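The file my_file.cif comes next; it holds mmCIF, C-alpha atoms.
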data_final
#
loop_
_atom_site.group_PDB
_atom_site.id
_atom_site.type_symbol
_atom_site.label_atom_id
_atom_site.label_comp_id
_atom_site.auth_asym_id
_atom_site.auth_seq_id
_atom_site.Cartn_x
_atom_site.Cartn_y
_atom_site.Cartn_z
ATOM 1 C CA MET A 16 13.876 -5.906 -2.505
ATOM 2 C CA ARG A 17 11.803 -3.105 -1.018
ATOM 3 C CA VAL A 18 8.126 -4.042 -0.963
ATOM 4 C CA TYR A 19 5.122 -1.981 0.040
ATOM 5 C CA VAL A 20 2.472 -3.844 2.013
ATOM 6 C CA PRO A 21 -1.069 -2.413 1.927
ATOM 7 C CA LEU A 22 -2.899 -2.479 5.246
ATOM 8 C CA THR A 23 -5.557 -0.679 7.248
ATOM 9 C CA LEU A 24 -5.119 0.692 10.769
ATOM 10 C CA PRO A 25 -6.679 -2.497 12.253
ATOM 11 C CA GLY A 26 -4.294 -4.518 10.063
ATOM 12 C CA LEU A 27 -1.375 -2.474 11.377
ATOM 13 C CA ALA A 28 -2.587 -3.054 14.952
ATOM 14 C CA GLU A 29 -2.707 -6.808 14.287
ATOM 15 C CA ALA A 30 0.800 -6.756 12.802
ATOM 16 C CA TYR A 31 1.988 -4.838 15.863
ATOM 17 C CA LYS A 32 0.349 -7.391 18.174
ATOM 18 C CA THR A 33 1.734 -10.456 16.347
ATOM 19 C CA GLY A 34 5.044 -8.910 15.313
ATOM 20 C CA GLU A 35 4.631 -9.968 11.688
ATOM 21 C CA LEU A 36 3.189 -8.835 8.392
ATOM 22 C CA GLY A 37 0.971 -11.564 6.996
ATOM 23 C CA ALA A 38 1.339 -15.266 7.507
ATOM 24 C CA GLY A 39 2.349 -15.590 3.857
ATOM 25 C CA PRO A 40 1.903 -15.682 1.065
ATOM 26 C CA PHE A 41 0.537 -12.161 0.811
ATOM 27 C CA VAL A 42 0.333 -9.417 -1.804
ATOM 28 C CA ALA A 43 2.633 -6.414 -1.748
ATOM 29 C CA TYR A 44 3.913 -3.956 -4.366
ATOM 30 C CA ALA A 45 7.429 -3.359 -5.631
ATOM 31 C CA VAL A 46 9.423 -2.057 -8.574
ATOM 32 C CA THR A 47 8.831 -4.905 -11.024
ATOM 33 C CA PRO A 48 9.924 -5.079 -14.678
ATOM 34 C CA ALA A 49 6.318 -4.400 -15.735
ATOM 35 C CA LEU A 50 6.105 -1.339 -13.477
ATOM 36 C CA ARG A 51 9.388 -0.053 -14.954
ATOM 37 C CA GLU A 52 8.036 -0.560 -18.473
ATOM 38 C CA TRP A 53 4.714 1.084 -17.672
ATOM 39 C CA TYR A 54 6.238 4.059 -15.857
ATOM 40 C CA LEU A 55 8.994 4.653 -18.425
ATOM 41 C CA SER A 56 11.518 5.891 -15.903
ATOM 42 C CA ASP A 57 14.942 4.859 -14.694
ATOM 43 C CA ASP A 58 14.706 7.067 -11.605
ATOM 44 C CA ILE A 59 14.469 4.586 -8.719
ATOM 45 C CA GLU A 60 12.829 7.154 -6.428
ATOM 46 C CA GLU A 61 10.041 7.758 -8.957
ATOM 47 C CA LEU A 62 9.603 4.013 -9.411
ATOM 48 C CA GLU A 63 9.484 3.409 -5.656
ATOM 49 C CA TYR A 64 6.866 6.165 -5.374
ATOM 50 C CA ALA A 65 4.824 4.472 -8.111
ATOM 51 C CA ALA A 66 4.980 1.159 -6.195
ATOM 52 C CA LEU A 67 3.972 2.964 -2.988
ATOM 53 C CA SER A 68 1.038 4.541 -4.842
ATOM 54 C CA ARG A 69 -0.083 1.122 -6.098
ATOM 55 C CA ALA A 70 0.013 -0.147 -2.502
ATOM 56 C CA ALA A 71 -1.994 2.890 -1.345
ATOM 57 C CA LEU A 72 -4.693 1.999 -3.892
ATOM 58 C CA ALA A 73 -4.680 -1.585 -2.585
ATOM 59 C CA SER A 74 -5.054 -0.200 0.950
ATOM 60 C CA LEU A 75 -8.062 1.790 -0.277
ATOM 61 C CA ARG A 76 -9.542 -1.478 -1.590
ATOM 62 C CA ARG A 77 -9.035 -3.037 1.838
ATOM 63 C CA LEU A 78 -10.835 -0.089 3.404
ATOM 64 C CA ALA A 79 -13.764 -0.605 1.020
ATOM 65 C CA ALA A 80 -13.990 -4.189 2.300
ATOM 66 C CA GLU A 81 -13.659 -3.157 5.974
ATOM 67 C CA PRO A 82 -16.359 -0.540 6.622
ATOM 68 C CA GLU A 83 -15.541 -0.420 10.357
ATOM 69 C CA ALA A 84 -11.872 0.488 9.779
ATOM 70 C CA PRO A 85 -10.799 4.119 10.192
ATOM 71 C CA ARG A 86 -10.691 5.731 6.748
ATOM 72 C CA ARG A 87 -6.938 6.136 6.469
ATOM 73 C CA ARG A 88 -4.747 4.265 3.999
ATOM 74 C CA VAL A 89 -1.743 2.451 5.492
ATOM 75 C CA VAL A 90 1.322 1.106 3.698
ATOM 76 C CA ILE A 91 4.340 -0.558 5.324
ATOM 77 C CA ALA A 92 7.695 -0.377 3.513
ATOM 78 C CA VAL A 93 9.825 -3.432 4.215
ATOM 79 C CA ASP A 94 12.890 -5.027 2.678
ATOM 80 C CA VAL A 95 12.676 -8.742 1.888
ATOM 81 C CA PRO A 96 15.122 -11.070 0.140
ATOM 82 C CA ASP A 97 14.559 -11.016 -3.644
ATOM 83 C CA ARG A 98 13.764 -14.730 -3.604
ATOM 84 C CA ASP A 99 10.844 -14.100 -1.203
ATOM 85 C CA ALA A 100 8.924 -11.745 -3.524
ATOM 86 C CA SER A 101 7.850 -12.654 -7.031
ATOM 87 C CA ALA A 102 5.615 -11.155 -9.683
ATOM 88 C CA ASP A 103 3.114 -13.331 -11.537
ATOM 89 C CA PRO A 104 4.514 -13.519 -15.091
ATOM 90 C CA ASP A 105 1.032 -14.166 -16.499
ATOM 91 C CA ARG A 106 -0.227 -10.838 -15.110
ATOM 92 C CA GLY A 107 2.875 -8.765 -15.833
ATOM 93 C CA LEU A 108 1.236 -6.228 -18.129
ATOM 94 C CA ASP A 109 -2.250 -6.380 -16.608
ATOM 95 C CA PRO A 110 -2.839 -2.761 -15.508
ATOM 96 C CA ALA A 111 -4.554 -4.005 -12.347
ATOM 97 C CA ALA A 112 -1.448 -5.982 -11.356
ATOM 98 C CA LEU A 113 1.321 -3.452 -12.083
ATOM 99 C CA GLY A 114 3.940 -3.692 -9.370
ATOM 100 C CA GLU A 115 2.133 -6.538 -7.629
ATOM 101 C CA VAL A 116 4.301 -9.207 -6.023
ATOM 102 C CA ARG A 117 3.549 -12.163 -3.817
ATOM 103 C CA VAL A 118 5.658 -12.403 -0.667
ATOM 104 C CA SER A 119 6.150 -16.067 0.122
ATOM 105 C CA GLY A 120 6.247 -16.096 3.881
ATOM 106 C CA PRO A 121 5.749 -14.091 7.019
ATOM 107 C CA VAL A 122 7.876 -10.989 7.438
ATOM 108 C CA ALA A 123 8.819 -9.683 10.858
ATOM 109 C CA LEU A 124 7.373 -6.231 11.501
ATOM 110 C CA ALA A 125 10.766 -5.399 13.017
ATOM 111 C CA LYS A 126 12.193 -5.519 9.464
ATOM 112 C CA ALA A 127 9.937 -2.653 8.348
ATOM 113 C CA ALA A 128 11.717 0.461 7.162
ATOM 114 C CA ALA A 129 8.807 2.880 7.531
ATOM 115 C CA VAL A 130 5.054 3.242 7.791
ATOM 116 C CA HIS A 131 3.050 5.504 5.492
ATOM 117 C CA VAL A 132 -0.393 6.659 6.692
ATOM 118 C CA ASP A 133 -2.947 9.243 5.608
ATOM 119 C CA ALA A 134 -3.279 12.369 7.719
ATOM 120 C CA ALA A 135 -6.574 12.860 9.515
ATOM 121 C CA ASP A 136 -7.590 15.555 7.006
ATOM 122 C CA ALA A 137 -7.664 12.912 4.240
ATOM 123 C CA GLU A 138 -10.418 10.861 5.892
ATOM 124 C CA ALA A 139 -13.357 12.483 4.077
ATOM 125 C CA ASP A 140 -11.773 12.008 0.645
ATOM 126 C CA VAL A 141 -10.619 8.468 1.488
ATOM 127 C CA THR A 142 -14.131 7.600 2.710
ATOM 128 C CA ALA A 143 -15.668 8.914 -0.512
ATOM 129 C CA ALA A 144 -13.062 7.077 -2.602
ATOM 130 C CA ALA A 145 -13.682 3.760 -0.824
ATOM 131 C CA GLU A 146 -17.417 4.141 -1.445
ATOM 132 C CA ALA A 147 -16.856 5.042 -5.114
ATOM 133 C CA LEU A 148 -14.515 2.118 -5.899
ATOM 134 C CA PRO A 149 -17.183 -0.320 -7.171
ATOM 135 C CA ALA A 150 -18.608 2.238 -9.586
ATOM 136 C CA ALA A 151 -15.115 3.304 -10.694
ATOM 137 C CA ASP A 152 -14.225 -0.330 -11.341
ATOM 138 C CA GLY A 153 -17.366 -0.520 -13.470
ATOM 139 C CA GLY A 154 -16.136 2.314 -15.687
ATOM 140 C CA ASP A 155 -17.943 5.289 -14.112
ATOM 141 C CA ASP A 156 -15.714 8.311 -14.858
ATOM 142 C CA ASP A 157 -17.255 10.434 -12.084
ATOM 143 C CA ALA A 158 -16.570 7.695 -9.544
ATOM 144 C CA GLN A 159 -12.999 7.364 -10.850
ATOM 145 C CA PHE A 160 -12.563 11.092 -10.278
ATOM 146 C CA VAL A 161 -13.605 10.582 -6.636
ATOM 147 C CA VAL A 162 -11.187 7.647 -6.260
ATOM 148 C CA ASP A 163 -8.402 9.747 -7.758
ATOM 149 C CA GLY A 164 -9.208 12.416 -5.163
ATOM 150 C CA ALA A 165 -7.756 10.195 -2.439
ATOM 151 C CA GLU A 166 -4.477 10.179 -4.352
ATOM 152 C CA ASP A 167 -4.305 13.964 -3.955
ATOM 153 C CA HIS A 168 -3.365 13.264 -0.330
ATOM 154 C CA GLU A 169 0.256 12.282 0.213
ATOM 155 C CA LEU A 170 0.774 9.531 2.739
ATOM 156 C CA LEU A 171 2.747 10.725 5.738
ATOM 157 C CA TRP A 172 6.000 8.990 6.679
ATOM 158 C CA PHE A 173 6.370 7.511 10.153
ATOM 159 C CA ALA A 174 9.265 5.691 11.768
ATOM 160 C CA THR A 175 8.467 2.175 12.905
ATOM 161 C CA GLN A 176 8.929 3.302 16.523
ATOM 162 C CA GLU A 177 5.773 5.389 16.046
ATOM 163 C CA ILE A 178 3.542 2.372 15.306
ATOM 164 C CA PRO A 179 2.218 2.146 18.895
ATOM 165 C CA ASN A 180 0.966 5.736 18.635
ATOM 166 C CA LEU A 181 -0.575 5.073 15.213
ATOM 167 C CA VAL A 182 -2.575 2.113 16.473
ATOM 168 C CA GLY A 183 -3.599 3.912 19.651
ATOM 169 C CA ARG A 184 -1.588 1.728 22.006
ATOM 170 C CA GLY A 185 1.059 4.252 22.942
ATOM 171 C CA ASP A 186 3.151 1.494 24.595
#

Would you mind writing the file out in structure tokens?
Amino acid sequence: MRVYVPLTLPGLAEAYKTGELGAGPFVAYAVTPALREWYLSDDIEELEYAALSRAALASLRRLAAEPEAPRRRVVIAVDVPDRDASADPDRGLDPAALGEVRVSGPVALAKAAAVHVDAADAEADVTAAAEALPAADGGDDDAQFVVDGAEDHELLWFATQEIPNLVGRGD
């Protein structure tokens, strides 16, 4: 199963240093039955993009909690055995949990398929979105508009070999 793990650049640097994504269990996003039902599509590419987008929003939430982190969303795409990722059946149709899965154990960073990161020109909108999240969560439509503005920026695709350059190590 392809899962999308939300991180920040410091989180990516830590994963690079330790060689693993999370000690487990940790939250990721995938094409779940609830996401399929919500998205009303059988196109796997569209569904994968929806899961990636959910992970990008979770990365934005991490940025809101880490004010010192560079304001760029980060998502790692990694394949894990189906048995290692499960959706919470009690939250299946909860809009806040669409596509959410729990990965049971650590995953080697070497198993990652790709890294998705915001371009530098997204930083201003991502910063504003991270600051607006609490108000958007409270139902403020103007704040939600600001949060949605971050989604106007497509995450760039990077090969896993480019991680050292992304985290500023250049090794």

Just checking: using only C-alpha atoms, which residue out of A:Ala112, A:Val93, A:Ala70, A:Ala144 ends up closest to Leu124 of chain A?
A:Val93

Using all atoms listed in the file, which of A:Asp167, A:Val90, A:Ala84, A:Leu55 sits nearest Ala127 of chain A?
A:Val90

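Rounded to one decimal, atom CA of Gly153 of chain A and atom CA of Ala165 of chain A lie 18.1 Å from each other.
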
Considering all atoms listed in the file, return as a list in words whatever protein or nucleic-acid residues lie within 12 Å of Asp140 of chain A, sequence-local ones (same chain, fewer than 3 positions apart) excluded.
Leu75, Arg86, Arg87, Arg88, Asp133, Ala134, Ala135, Asp136, Ala137, Ala143, Ala144, Ala145, Glu146, Ala147, Phe160, Val161, Val162, Asp163, Gly164, Ala165, Glu166, Asp167 and His168 of chain A

Within 9 Å of Leu27 of chain A using only C-alpha atoms, minus same-chain residues under 4 positions, as a count of residues only
11

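Separating atom CA of Val116 of chain A from atom CA of Thr47 of chain A is a distance of 8.0 Å.
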
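Residues with any atom within 7 Å of segment 60-65 of chain A, counting all atoms listed in the file and excluding same-chain neighbours fewer than 4 positions away, are Val46, Arg51 and Arg69 of chain A.
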
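A straight line drawn from atom CA of Arg77 of chain A to atom CA of Pro110 of chain A is 18.4 Å long.
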
List, as a ChimeraX atom specification, every residue that the PyMOL selection byres ((chain A and resi 16) around 6) selects in the file provided.
/A:17,94-97

Polymer residues at most 9 Å from Val42 of chain A, all atoms listed in the file, same-chain spacing of 3 or more positions, as a VMD selection string:
chain A and resid 20 to 21 39 115 to 118

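Residue nearest Tyr54 of chain A, chosen from A:Leu170, A:Asp156, A:Glu138, A:Ala66 and counting all atoms listed in the file: A:Ala66.
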
Pick from A:Asp103, A:Asp58, A:Asp152, A:Glu35 nearest to Ala125 of chain A, counting only C-alpha atoms
A:Glu35

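The smallest atom-to-atom distance between Ala123 of chain A and any of A:Pro149, A:Gly37, A:Pro104, A:Pro82, using all atoms listed in the file, is found for A:Gly37.
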